[in-house]
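Shown next: entry_39.txt, containing compact mmCIF, C-alpha atoms.
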# COMPACT_ATOMS: atom_id res chain seq x y z
CA GLN A 1 28.77 17.45 7.62
CA VAL A 2 30.83 15.69 4.95
CA ILE A 3 33.75 15.35 7.37
CA ILE A 4 31.48 13.61 9.90
CA THR A 5 29.68 11.50 7.26
CA VAL A 6 32.86 9.77 6.03
CA PRO A 7 33.85 8.15 9.39
CA ALA A 8 30.17 7.56 10.19
CA VAL A 9 29.65 5.48 7.03
CA MET A 10 32.93 3.64 7.64
CA MET A 11 31.73 2.86 11.16
CA MET A 12 28.41 1.58 9.79
CA ILE A 13 30.21 -0.79 7.43
CA GLY A 14 32.56 -1.97 10.18
CA VAL A 15 29.74 -2.57 12.68
CA SER A 16 27.77 -4.49 10.05
CA MET A 17 30.50 -7.16 10.06
CA LEU A 18 30.35 -7.87 13.81
CA GLY A 19 28.80 -10.92 15.44
CA HIS A 20 25.97 -10.97 17.95
CA ARG A 21 28.10 -11.03 21.08
CA GLN A 22 30.37 -8.31 19.71
CA ILE A 23 27.31 -6.16 18.96
CA TRP A 24 26.10 -6.60 22.54
CA ARG A 25 29.51 -5.71 23.99
CA LEU A 26 29.79 -2.62 21.79
CA ALA A 27 26.28 -1.49 22.71
CA SER A 28 27.02 -2.02 26.41
CA LEU A 29 30.08 0.22 26.19
CA VAL A 30 28.14 2.87 24.26
CA PHE A 31 25.29 2.75 26.77
CA LEU A 32 27.70 3.11 29.70
CA GLY A 33 29.49 5.99 28.00
CA ALA A 34 26.19 7.69 27.17
CA VAL A 35 25.00 7.43 30.79
CA VAL A 36 28.26 8.90 32.13
CA THR A 37 28.27 11.78 29.63
CA MET A 38 24.57 12.50 30.17
CA ILE A 39 25.28 12.87 33.89
CA ALA A 40 28.20 15.15 33.04
CA VAL A 41 25.96 17.21 30.75
CA LEU A 42 23.78 18.16 33.72
CA PHE A 43 26.78 19.87 35.35
CA LEU A 44 29.13 20.77 32.50
CA GLY A 45 26.88 20.91 29.45
CA MET A 46 25.95 23.94 27.40
CA GLU A 47 22.48 25.36 28.01
CA ILE A 48 20.70 26.12 24.73
CA LYS A 49 17.07 27.26 24.70
CA GLY A 50 16.59 26.17 28.31
CA ALA A 51 17.96 22.63 27.84
CA ARG A 52 21.30 21.01 28.64
CA ARG A 53 21.92 18.35 25.98
CA TRP A 54 25.37 19.06 24.56
CA ILE A 55 28.89 18.74 25.94
CA HIS A 56 32.29 19.53 24.45
CA VAL A 57 34.50 16.46 24.02
CA LEU A 58 37.91 16.94 22.36
CA GLY A 59 36.69 20.07 20.61
CA PHE A 60 33.57 18.33 19.32
CA SER A 61 30.04 19.21 20.44
CA LEU A 62 28.47 15.89 21.45
CA GLN A 63 24.82 15.09 22.23
CA PRO A 64 24.97 11.90 24.36
CA SER A 65 21.21 11.31 24.23
CA GLU A 66 21.53 10.44 20.53
CA PHE A 67 23.64 7.39 21.40
CA ILE A 68 21.64 6.09 24.33
CA LYS A 69 18.73 5.17 22.01
CA PRO A 70 20.43 2.51 19.83
CA ALA A 71 22.56 1.32 22.74
CA PHE A 72 19.50 0.81 24.92
CA ALA A 73 17.67 -1.04 22.12
CA VAL A 74 20.49 -3.60 21.86
CA VAL A 75 21.27 -4.00 25.58
CA SER A 76 17.60 -4.29 26.51
CA ALA A 77 17.05 -6.83 23.71
CA TRP A 78 19.96 -8.93 24.98
CA PHE A 79 18.61 -9.23 28.52
CA MET A 80 15.02 -9.80 27.36
CA ALA A 81 16.14 -12.51 24.92
CA ARG A 82 18.17 -14.31 27.59
CA GLN A 83 15.19 -14.23 29.95
CA LYS A 84 12.91 -15.54 27.19
CA MET A 85 15.26 -18.37 26.23
CA ASN A 86 15.85 -19.40 29.85
CA ALA A 87 12.10 -19.55 30.43
CA LYS A 88 11.64 -21.63 27.27
CA ASP A 89 14.41 -24.05 28.27
CA GLY A 90 13.03 -24.38 31.80
CA ALA A 91 16.26 -23.12 33.37
CA PRO A 92 16.03 -22.19 37.07
CA ARG A 93 15.80 -18.50 37.84
CA SER A 94 18.84 -17.00 39.50
CA GLY A 95 19.54 -13.37 40.40
CA LEU A 96 17.84 -10.52 38.61
CA SER A 97 15.57 -11.34 35.69
CA GLY A 98 16.33 -10.02 32.23
CA TYR A 99 12.99 -8.23 32.18
CA GLY A 100 13.77 -6.50 35.47
CA ILE A 101 17.18 -5.36 34.24
CA SER A 102 15.62 -3.97 31.04
CA ILE A 103 13.04 -2.02 33.03
CA ALA A 104 15.76 -0.63 35.31
CA LEU A 105 17.88 0.48 32.33
CA TYR A 106 14.83 2.09 30.74
CA ALA A 107 13.99 3.96 33.95
CA LEU A 108 17.61 5.19 34.26
CA ALA A 109 17.65 6.47 30.68
CA VAL A 110 14.26 8.18 31.01
CA VAL A 111 15.28 9.97 34.22
CA LEU A 112 18.45 11.29 32.60
CA LEU A 113 16.52 12.45 29.52
CA LEU A 114 13.87 14.26 31.54
CA LEU A 115 16.51 16.04 33.62
CA GLN A 116 17.89 17.70 30.48
CA PRO A 117 14.88 17.97 29.64
CA ASP A 118 14.29 16.14 26.33
CA LEU A 119 10.74 14.81 25.97
CA GLY A 120 11.16 13.93 22.29
CA MET A 121 14.01 11.52 22.97
CA THR A 122 12.02 10.11 25.89
CA VAL A 123 9.11 9.33 23.57
CA ILE A 124 11.44 7.64 21.06
CA LEU A 125 13.07 5.57 23.81
CA SER A 126 9.66 4.59 25.18
CA ALA A 127 8.53 3.52 21.70
CA ILE A 128 11.60 1.28 21.41
CA PHE A 129 10.88 -0.31 24.78
CA MET A 130 7.16 -0.77 24.07
CA THR A 131 8.00 -2.44 20.76
CA GLN A 132 10.32 -4.89 22.47
CA ILE A 133 7.73 -5.58 25.16
CA PHE A 134 5.21 -6.42 22.44
CA LEU A 135 7.63 -8.66 20.53
CA VAL A 136 8.92 -10.59 23.54
CA GLY A 137 5.45 -11.12 25.03
CA PHE A 138 5.59 -9.49 28.45
CA PRO A 139 2.98 -10.61 31.02
CA ILE A 140 -0.19 -8.65 30.33
CA ARG A 141 -0.23 -7.02 33.77
CA TRP A 142 3.22 -5.59 33.11
CA VAL A 143 2.10 -4.25 29.74
CA PHE A 144 -0.90 -2.45 31.20
CA GLY A 145 1.23 -1.13 34.06
CA LEU A 146 3.89 0.28 31.74
CA VAL A 147 1.30 1.79 29.38
CA GLY A 148 -0.33 3.45 32.37
CA LEU A 149 3.00 4.84 33.49
CA ALA A 150 3.67 6.18 29.99
CA ALA A 151 0.28 7.91 29.87
CA GLY A 152 0.87 9.35 33.32
CA GLY A 153 4.31 10.52 32.25
CA LEU A 154 2.89 12.40 29.27
CA PHE A 155 0.32 14.07 31.51
CA MET A 156 3.01 15.05 34.00
CA ALA A 157 5.19 16.45 31.20
CA TYR A 158 2.28 18.53 29.92
CA THR A 159 1.59 19.78 33.45
CA PHE A 160 5.12 20.59 34.64
CA PHE A 161 7.08 21.39 31.45
CA HIS A 162 5.98 24.76 30.11
CA HIS A 163 7.53 24.28 26.66
CA VAL A 164 5.67 20.97 26.20
CA GLN A 165 2.37 22.53 27.20
CA SER A 166 3.00 25.51 24.93
CA ARG A 167 3.79 23.35 21.87
CA ILE A 168 0.75 21.12 22.33
CA ASP A 169 -1.55 24.11 22.91
CA ARG A 170 -0.22 25.89 19.81
CA PHE A 171 -0.68 22.73 17.76
CA LEU A 172 -4.29 22.32 18.85
CA ASP A 173 -5.02 26.05 18.63
CA PRO A 174 -2.57 27.98 16.39
CA ALA A 175 -4.04 31.29 17.56
CA SER A 176 -2.99 30.60 21.16
CA GLY A 177 0.66 31.50 20.60
CA ASP A 178 3.57 32.12 18.26
CA ASN A 179 3.84 29.56 15.40
CA TYR A 180 6.54 31.35 13.41
CA GLN A 181 8.64 28.26 12.65
CA VAL A 182 5.71 26.13 11.54
CA GLU A 183 4.26 28.95 9.43
CA LYS A 184 7.59 29.50 7.66
CA SER A 185 7.95 25.76 7.16
CA LEU A 186 4.56 25.52 5.44
CA GLU A 187 5.42 28.62 3.41
CA ALA A 188 8.60 26.89 2.22
CA PHE A 189 6.60 23.92 0.91
CA GLN A 190 4.20 26.28 -0.87
CA ASN A 191 7.07 28.22 -2.41
CA GLY A 192 8.67 25.02 -3.70
CA GLY A 193 5.63 23.73 -5.59
CA LEU A 194 6.07 20.63 -7.74
CA PHE A 195 9.65 21.07 -8.92
CA GLY A 196 11.20 23.43 -6.36
CA THR A 197 13.17 26.63 -6.72
CA GLY A 198 16.42 24.79 -7.37
CA PRO A 199 19.34 23.63 -5.18
CA GLY A 200 20.55 26.51 -3.04
CA GLN A 201 17.89 28.87 -4.37
CA GLY A 202 15.49 28.74 -1.43
CA VAL A 203 14.69 32.03 0.27
CA ILE A 204 12.27 30.98 3.02
CA LYS A 205 15.03 28.89 4.63
CA LEU A 206 16.88 32.13 5.38
CA LEU A 207 14.00 33.15 7.64
CA LEU A 208 13.42 29.71 9.18
CA PRO A 209 15.25 29.05 12.50
CA ASP A 210 17.13 25.73 12.67
CA ALA A 211 16.41 25.10 9.00
CA HIS A 212 19.62 23.06 8.64
CA ALA A 213 18.58 20.56 11.32
CA ASP A 214 15.03 20.55 12.72
CA PHE A 215 13.37 21.78 9.49
CA ILE A 216 15.60 20.37 6.74
CA PHE A 217 12.53 18.64 5.30
CA ALA A 218 10.97 22.05 4.61
CA VAL A 219 14.19 23.20 2.91
CA ALA A 220 14.07 20.11 0.69
CA GLY A 221 10.44 20.89 -0.14
CA GLU A 222 11.26 24.45 -1.14
CA GLU A 223 14.37 23.75 -3.20
CA MET A 224 13.58 20.31 -4.66
CA GLY A 225 9.78 20.34 -4.84
CA LEU A 226 7.01 17.83 -4.21
CA PHE A 227 8.47 15.05 -6.34
CA ALA A 228 11.76 15.05 -4.42
CA ILE A 229 9.82 15.01 -1.16
CA LEU A 230 7.91 11.93 -2.31
CA ILE A 231 11.21 10.25 -3.19
CA ILE A 232 12.54 10.96 0.31
CA VAL A 233 9.41 9.58 1.96
CA SER A 234 9.47 6.52 -0.32
CA THR A 235 13.13 5.89 0.53
CA PHE A 236 12.43 5.86 4.26
CA ALA A 237 9.43 3.59 3.70
CA PHE A 238 11.56 1.23 1.59
CA ILE A 239 14.26 1.03 4.29
CA LEU A 240 11.63 0.10 6.87
CA TYR A 241 9.98 -2.42 4.54
CA ARG A 242 13.28 -4.14 3.75
CA GLY A 243 14.33 -4.09 7.38
CA PHE A 244 11.15 -5.73 8.68
CA LYS A 245 11.12 -8.19 5.78
CA ARG A 246 14.65 -9.34 6.60
CA LEU A 247 13.72 -9.42 10.27
CA MET A 248 10.95 -11.94 9.56
CA ALA A 249 13.63 -14.44 8.45
CA ALA A 250 15.52 -14.15 11.74
CA GLN A 251 15.46 -17.15 14.07
CA ASP A 252 17.18 -15.48 17.02
CA MET A 253 15.09 -13.61 19.61
CA PHE A 254 17.90 -11.15 20.28
CA SER A 255 17.98 -10.10 16.62
CA VAL A 256 14.19 -9.74 16.49
CA LEU A 257 14.06 -7.51 19.56
CA ALA A 258 17.10 -5.38 18.77
CA VAL A 259 16.35 -4.82 15.09
CA GLY A 260 12.64 -4.30 15.76
CA GLY A 261 13.44 -1.57 18.28
CA LEU A 262 15.99 0.11 16.02
CA LEU A 263 13.67 0.15 13.01
CA VAL A 264 10.87 1.68 15.10
CA MET A 265 13.35 4.30 16.32
CA PHE A 266 14.39 5.08 12.74
CA GLY A 267 10.84 5.31 11.41
CA LEU A 268 9.40 7.25 14.35
CA GLN A 269 12.22 9.78 14.30
CA ALA A 270 11.62 10.43 10.59
CA LEU A 271 7.86 10.63 11.17
CA VAL A 272 8.21 13.17 13.99
CA HIS A 273 10.53 15.36 11.93
CA MET A 274 8.35 15.32 8.81
CA GLY A 275 5.12 15.63 10.80
CA SER A 276 6.44 18.67 12.67
CA SER A 277 7.47 20.36 9.41
CA LEU A 278 4.01 19.80 7.93
CA HIS A 279 2.11 20.74 11.12
CA ILE A 280 0.71 17.20 11.36
CA LEU A 281 2.33 16.79 14.79
CA PRO A 282 3.26 19.30 17.51
CA ALA A 283 6.53 21.06 16.72
CA LYS A 284 9.50 19.08 18.06
CA GLY A 285 13.14 19.64 17.30
CA MET A 286 14.30 16.28 15.93
CA THR A 287 16.73 15.50 13.16
CA LEU A 288 15.79 13.69 9.94
CA PRO A 289 17.95 10.53 9.70
CA PHE A 290 20.88 10.80 7.25
CA ILE A 291 19.75 14.24 6.02
CA SER A 292 19.71 16.77 8.87
CA TYR A 293 22.90 18.52 9.88
CA GLY A 294 24.43 17.20 13.11
CA GLY A 295 27.47 15.07 13.85
CA SER A 296 25.97 13.21 16.82
CA SER A 297 22.83 12.40 14.85
CA MET A 298 24.81 11.10 11.85
CA LEU A 299 27.09 8.94 14.00
CA SER A 300 24.14 7.57 15.97
CA ILE A 301 22.01 6.68 12.95
CA CYS A 302 24.96 5.03 11.16
CA LEU A 303 25.68 3.01 14.30
CA SER A 304 22.02 1.95 14.40
CA MET A 305 21.89 0.92 10.75
CA GLY A 306 25.20 -0.91 11.05
CA ILE A 307 23.70 -2.99 13.86
CA VAL A 308 20.57 -3.64 11.77
CA LEU A 309 22.71 -4.82 8.85
CA ALA A 310 24.82 -7.05 11.09
CA LEU A 311 21.93 -8.77 12.84
CA THR A 312 19.75 -9.28 9.77
CA ARG A 313 22.62 -10.38 7.54
CA LYS A 314 23.93 -12.89 10.06
CA GLU A 315 20.49 -14.41 10.63
CA VAL A 316 19.66 -14.66 6.91
CA ARG A 317 22.95 -16.40 6.20
CA ALA A 318 22.39 -18.75 9.10
CA SER A 319 18.93 -19.68 7.83
CA ILE A 320 20.32 -20.37 4.35
CA SER A 321 23.14 -22.52 5.67
CA LYS A 322 20.76 -24.54 7.78
CA GLY A 323 18.38 -24.99 4.86
CA GLY A 324 19.55 -24.87 1.26
CA LEU A 325 23.30 -25.17 1.79
CA SER A 326 23.09 -28.04 4.27
CA SER A 327 20.90 -30.12 1.96
CA PHE A 328 23.23 -29.35 -0.93
CA SER A 329 26.20 -30.48 1.16
CA ARG A 330 24.46 -33.76 2.03
CA LYS A 331 23.78 -34.50 -1.64
CA ARG A 332 27.38 -33.67 -2.54
CA LEU A 333 28.62 -35.94 0.23
CA GLN A 334 26.36 -38.80 -0.92
CA LYS A 335 27.65 -38.50 -4.51
CA THR A 336 31.26 -38.43 -3.29
CA SER A 337 30.68 -41.54 -1.15
CA ALA A 338 29.04 -43.38 -4.03
CA ALA A 339 31.91 -42.51 -6.36
CA ALA A 340 34.43 -43.70 -3.78
CA GLU A 341 32.62 -47.03 -3.34
CA ALA A 342 32.46 -47.55 -7.12
CA HIS A 343 36.18 -46.82 -7.41
CA LEU A 344 36.99 -49.34 -4.67
For this file, write the structure as structure tokens.
Amino acid sequence: QVIITVPAVMMMIGVSMLGHRQIWRLASLVFLGAVVTMIAVLFLGMEIKGARRWIHVLGFSLQPSEFIKPAFAVVSAWFMARQKMNAKDGAPRSGLSGYGISIALYALAVVLLLLQPDLGMTVILSAIFMTQIFLVGFPIRWVFGLVGLAAGGLFMAYTFFHHVQSRIDRFLDPASGDNYQVEKSLEAFQNGGLFGTGPGQGVIKLLLPDAHADFIFAVAGEEMGLFAILIIVSTFAFILYRGFKRLMAAQDMFSVLAVGGLLVMFGLQALVHMGSSLHILPAKGMTLPFISYGGSSMLSICLSMGIVLALTRKEVRASISKGGLSSFSRKRLQKTSAAAEAHL
């Protein structure tokens, strides 16, 4: 995990220094690569617990679906923003609309995710797209149509995917099936109490499947206690608060859509992980950003946060230069001109 974290953090810092067009180009390449590898996963990927989501690349186990989320958020935001700006400027329509391209990319990503199958990632991707639809102001008939499709998709998933039906049924009625993971997760929180058993001293984690990834929040609760858990939750809340606060200063529609989608992805992924561990939501294997073990997850979340830093930082600087710095420059120029006239 440490070996993966070092290049991931370096990538986050490097991405945070890119410009808007460079961010779009990078996201386009990532999206294309994710689509190609997700198709390859269906034929060459490893099957684990009835799903094909991982593929070996240069000796590294890669989960392409982790990268299609941030890439889609940026690429979709780019096309939506261009469509919005063209409509505002009264430019004539030519070729495919940005909205249509975004919908087509969303449909492609959803189909590939459901073929794996991975309903959790599909929900996250849909949340990103719905957020962007809300922010850009889609025509109301499109909004109702897409919401209807999403509701129909959830019903179809419950009907045709046995593991989805089983998890929802066990969440609503714990006596209807095996809830071993959730029971052990809750037992870990109880064993931790207020101050925890101490780092590395947890015992319930030894009996909890996928404790290092899908239930790392329960491990933190057992070993670090309630107070550490509250710090973790507060940290995630602070990141979201700062992100949306910086987003409010952005003047560019592309930044608003891309960052809004990425922040929703970040927050919803954390919520699903923590909610599953506490039996607030149906059990769903999903990593906790920055904390769960997983190279693909760490690289993906660092890429996402690097993009958030780049787009919010660039916009805030632009707004300052147009406001405070420009007025300061005018005053400085006026003083210089007056001094020059007096000297002459």
Hey, what's within 9 Å of Gly33 (chain A) if we count only C-alpha atoms and toss same-chain stuff fewer than 6 positions away? As a PDB file with C-alpha atoms, in the frame of the given file, please?
ATOM      1  CA  PRO A  64      24.970  11.900  24.360  1.00  0.00           C
ATOM      2  CA  PHE A  67      23.640   7.390  21.400  1.00  0.00           C
ATOM      3  CA  ILE A  68      21.640   6.090  24.330  1.00  0.00           C
TER       4      ILE A  68
END
I'd like to know which of A:Leu108, A:Ile204, A:Val259, A:Tyr293 is closest to Val36 (chain A), using only C-alpha atoms.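 Ranked by minimum distance to Val36 (chain A), first place goes to A:Leu108.
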Would you mind listing what lies within 6 Å of Phe254 (chain A) as a ChimeraX atom specification, with all atoms listed in the file counted and same-chain residues fewer than 6 positions away left out? /A:77-78,81
Preceding selection exported with C-alpha atoms as a CSV table (one decimal), keeping the file's coordinate frame:
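This went into result-v4.csv:
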chain,number,residue,atom,x,y,z
A,77,ALA,CA,17.0,-6.8,23.7
A,78,TRP,CA,20.0,-8.9,25.0
A,81,ALA,CA,16.1,-12.5,24.9
Set out as CSV a contact list for region 100-216 of chain A and region 283-287 of chain A with a cut-off of 7 Å, giving each residue of region 100-216 of chain A that qualifies its closest atom pair and distance in Å to one decimal, counting only C-alpha atoms, ordered by chain and rising residue number.
residue,atom,partner,partner_atom,distance
A:Gly120,CA,A:Lys284,CA,6.9
A:Arg167,CA,A:Ala283,CA,6.3
A:Ala213,CA,A:Thr287,CA,5.7
A:Asp214,CA,A:Gly285,CA,5.0
Measuring between only C-alpha atoms, which one of A:Ile133, A:Leu32, A:Val111, A:Ser65 shows the shortest distance to Gly153 (chain A)?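 Checking each of A:Ile133, A:Leu32, A:Val111, A:Ser65 against Gly153 (chain A), counting only C-alpha atoms, the winner is A:Val111.
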Residues near Ser185 (chain A), anyone? I mean within 12 Å using all atoms listed in the file, not counting same-chain ones fewer than 5 positions away, as a ChimeraX atom specification. /A:179-180,190-192,202-211,214-222,273-280,283
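CA of Thr37 (chain A) is positioned 11.6 Å from CA of Arg52 (chain A).
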Set up a box along x, y and z of the file covering all listed atoms of region 297-316 of chain A, add 4 Å on every one of the six sides, and write the centre and edge lengths in Å to one decimal, as lines of an AutoDock Vina configuration file.
center_x = 23.4
center_y = -1.1
center_z = 11.4
size_x = 15.4
size_y = 35.1
size_z = 17.1
Pick from A:Leu154, A:Phe238, A:Arg246, A:Gln201, whichever lies nearest to Met224 (chain A) using only C-alpha atoms: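 The shortest atom-to-atom distance to Met224 (chain A) comes from A:Gln201.
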Using all atoms listed in the file, find the one residue out of A:Val57, A:Val233, A:Ala250, A:Met298 that sits nearest to Ala310 (chain A).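 For Ala310 (chain A), the nearest of the candidates is A:Ala250.
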Within 12 Å of Met11 (chain A) using all atoms listed in the file, minus same-chain residues under 6 positions, as a list in words: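 Close residues of Met11 (chain A): Ile4, Thr5, Met17, Leu18, Met298, Leu299, Ser300, Ile301, Cys302, Leu303, Ser304, Met305, Gly306 and Ile307 of chain A.
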Closest of A:Leu114, A:Leu257, A:Val2, A:Ala270 to Lys84 (chain A) - atom-to-atom distances counting only C-alpha atoms: A:Leu257
Point-to-point distance in Å for CA of Met12 (chain A) and CA of Gly295 (chain A):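 A separation of 14.1 Å between them.
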I'd like the neighbourhood of Leu268 (chain A) as a PDB file with C-alpha atoms, in the frame of the given file, where a residue qualifies if any of its atoms comes within 10 Å (using only C-alpha atoms), though same-chain residues fewer than 6 positions away should be ignored.
ATOM      1  CA  VAL A 123       9.110   9.330  23.570  1.00  0.00           C
ATOM      2  CA  ILE A 124      11.440   7.640  21.060  1.00  0.00           C
ATOM      3  CA  ALA A 127       8.530   3.520  21.700  1.00  0.00           C
ATOM      4  CA  ILE A 128      11.600   1.280  21.410  1.00  0.00           C
ATOM      5  CA  LEU A 262      15.990   0.110  16.020  1.00  0.00           C
ATOM      6  CA  MET A 274       8.350  15.320   8.810  1.00  0.00           C
TER       7      MET A 274
END
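Separating CA of Ile55 (chain A) from CA of Val30 (chain A) is a distance of 16.0 Å.
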Out of A:Gly19, A:Gly148, A:Pro70, A:Gly45, which residue has the shortest atom-to-atom distance to Ser297 (chain A) when counting all atoms listed in the file? A:Pro70
With all atoms listed in the file counted, which protein, DNA or RNA residues have an atom no more than 8 Å from (15.1, 22.1, -10.5) in the file frame? Please answer as a list in words.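 Within the cut-off we find Phe195, Gly196, Thr197, Gly198, Pro199, Glu223, Met224 and Gly225 of chain A.
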